[in-house]
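Take a look at the structure set out below.
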Amino acid sequence: MTRPTPHALATPTPEATRRLIAFRGERAATGPATWGQQHIWRDIVAMLPDTAFFNIAQVAFVPAGVDLPGVLEQLAELVSRHESLRTLVAPGADGAPAQRVLSEGAFEVDVLELTDAEHGAELREHFAGAARRLEARGFDNTAEVPFRALVGVLDGAPQAVVLCLSHFAADLAGVRLLAGELDALLAARAGGGEPPARRSARDPLEQAEFENSPEGLRMEEKALRHWSAQLDRAPADNFPRPHGDPAEPRFWRGELVSRAVPEALRAAAERYRATAPNVLLAATAALLARSEGLDACGLKLVTANRFRPELHHAVGNLAQEVFVAVDVSGDSFADVLRSVWTATLGAHRNGQFRPERARALAEEAGVAVDCLVNDLWSTTWEAPDRPALSPGQLAEAARESVFRWVDRLDQDEVAFFLETFAVFEDPGLIRITLLGDTSRMEPARIEGFLRGLERVLLALAEGDLPPAGFPSAAGLDAPGPVPR
């Protein structure tokens, strides 16, 4: 899951005009929720009332020649095509969710109209501010369709569209598919051609039917056997040391924006003949475990669950959290990478199951599964077509990294939640956030971990660093005081 963080605007943003756009689909129907929907619904209920934490947004650009009515018509076409965009939650008497597909209704579109003469200097800021406000409004998943949009208009011509969905309706891969489909619809409209047909894919009701079939239940049993095997290899707790009293609020999120980390990941991946995502995960696991005196680390990851052909183009919420145990006891970082490759390969092949059954297995095993890594940066990153930075240039880039606190929460269910994001304005940057439970990881330790992870990656870009040396290289030999 992803959670938006606030950013200040340089100037006040003009108000958008809200419109209701009608849609009509092929059918109305009800059925059980998918396993992915069940997972998100549990998190939404647990985190109420701020369900905006579970919104996902994506931008599509409007080609010349498409007017505002044309954009609105194509947005209505998207909602009509995809049942996930017109699905409500229908909570059962036992609290378990079901899904209810609407055959007709309306969704909201905010239209932000700007003029170059009046707003030219702050166009990007105005549009970004309106998009953040759109994404910051939670959905009532029981009463309103889980889809809304923002259209940015400059001097009467639509320029860009932000699609915003509840996580109950779609995961990140689904939202990106939806944005690509809107691109194709708008391009056809601009060129006067026929709109592309919807690609064949399972709708959520069909996915739920498969999951409850004999084949689906056999798939679940296999996945749960994999969970059990990983739980057997994981420590009972990634934070076994005694800790002090929590800060107030209890959960703090820090953010590091770095130009050095992408370059260091690139160099380390080449050195170890590995992928950048695996280097990042292995370094995170080794630093977390070794700084707590452990030889293994248990982490939850997000898997897309799109291996089957009928799910390749599905606009829905298929992603689920899987659990991996990473062995960090070896003498070389290459050993950790091998453990990561084996563990993640198995996890991604076994990512579909009822979340309450996986939770029950963890409780029975006595293993805390409250540490997560969600790497969104690597899903869009491409290595630049130029020589890698030298060690001196890497060190210089690291001196420009910026840390700040972006969020403090009273309630969450994690001890450690590291996420990575691309920076739209500058693809050479990475944004790494870490949400920590200060009863397990004091605020100074949260900042120290992010800065220490950068130091470790820079060291791996130059040569091998034994996992036992990670805490020292990161500067995490001892926790620091709580900042005031």
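The way I read the labels, and the way they are meant: chains A, B, ... in the order of the structure tokens, residue 1 as the first residue of every chain, and ligand 1 as the first ligand shown, with later ones counted on from there.
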
Backbone DSSP call of alpha helix (DSSP H) for segment 239-327 of chain A, listed as a PyMOL selection string = chain A and resi 260-272+276-291

With only C-alpha atoms as the counted atoms, please give the residues lying no more than 10 Å from Val111 of chain A, apart from itself and same-chain residues fewer than 5 positions off, as an MDAnalysis selection string.
chainID A and resid 15:19 68 72 130 149:153 158 161

Between A:His226, A:Arg24, A:Arg273, A:Arg233, smallest distance to Glu73 of chain A by only C-alpha atoms belongs to A:Arg24

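Of the listed residues (A:Asp437, A:Glu382, A:Glu454, A:Asp183), A:Glu454 comes nearest to Glu400 of chain A; the distances count only C-alpha atoms.
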
*Non-local contacts of Ala264 of chain A (8 Å; only C-alpha atoms; under 5 positions in same chain excluded) as a list in words*: Leu394, Leu457, Leu458, Leu460 and Ala461 of chain A

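Of the listed residues (A:Gly105, A:Gly216, A:Gly192, A:Pro249), A:Pro249 comes nearest to Ser439 of chain A; the distances count only C-alpha atoms.
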
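With atom CA of Gly180 of chain A on one side and atom CA of Glu108 of chain A on the other, the separation reads 20.3 Å.
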
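You can rank A:Glu209, A:Asp94, A:Asp155, A:Glu220 by their closest distance to Leu112 of chain A using only C-alpha atoms, and at the top of that list sits A:Asp155.
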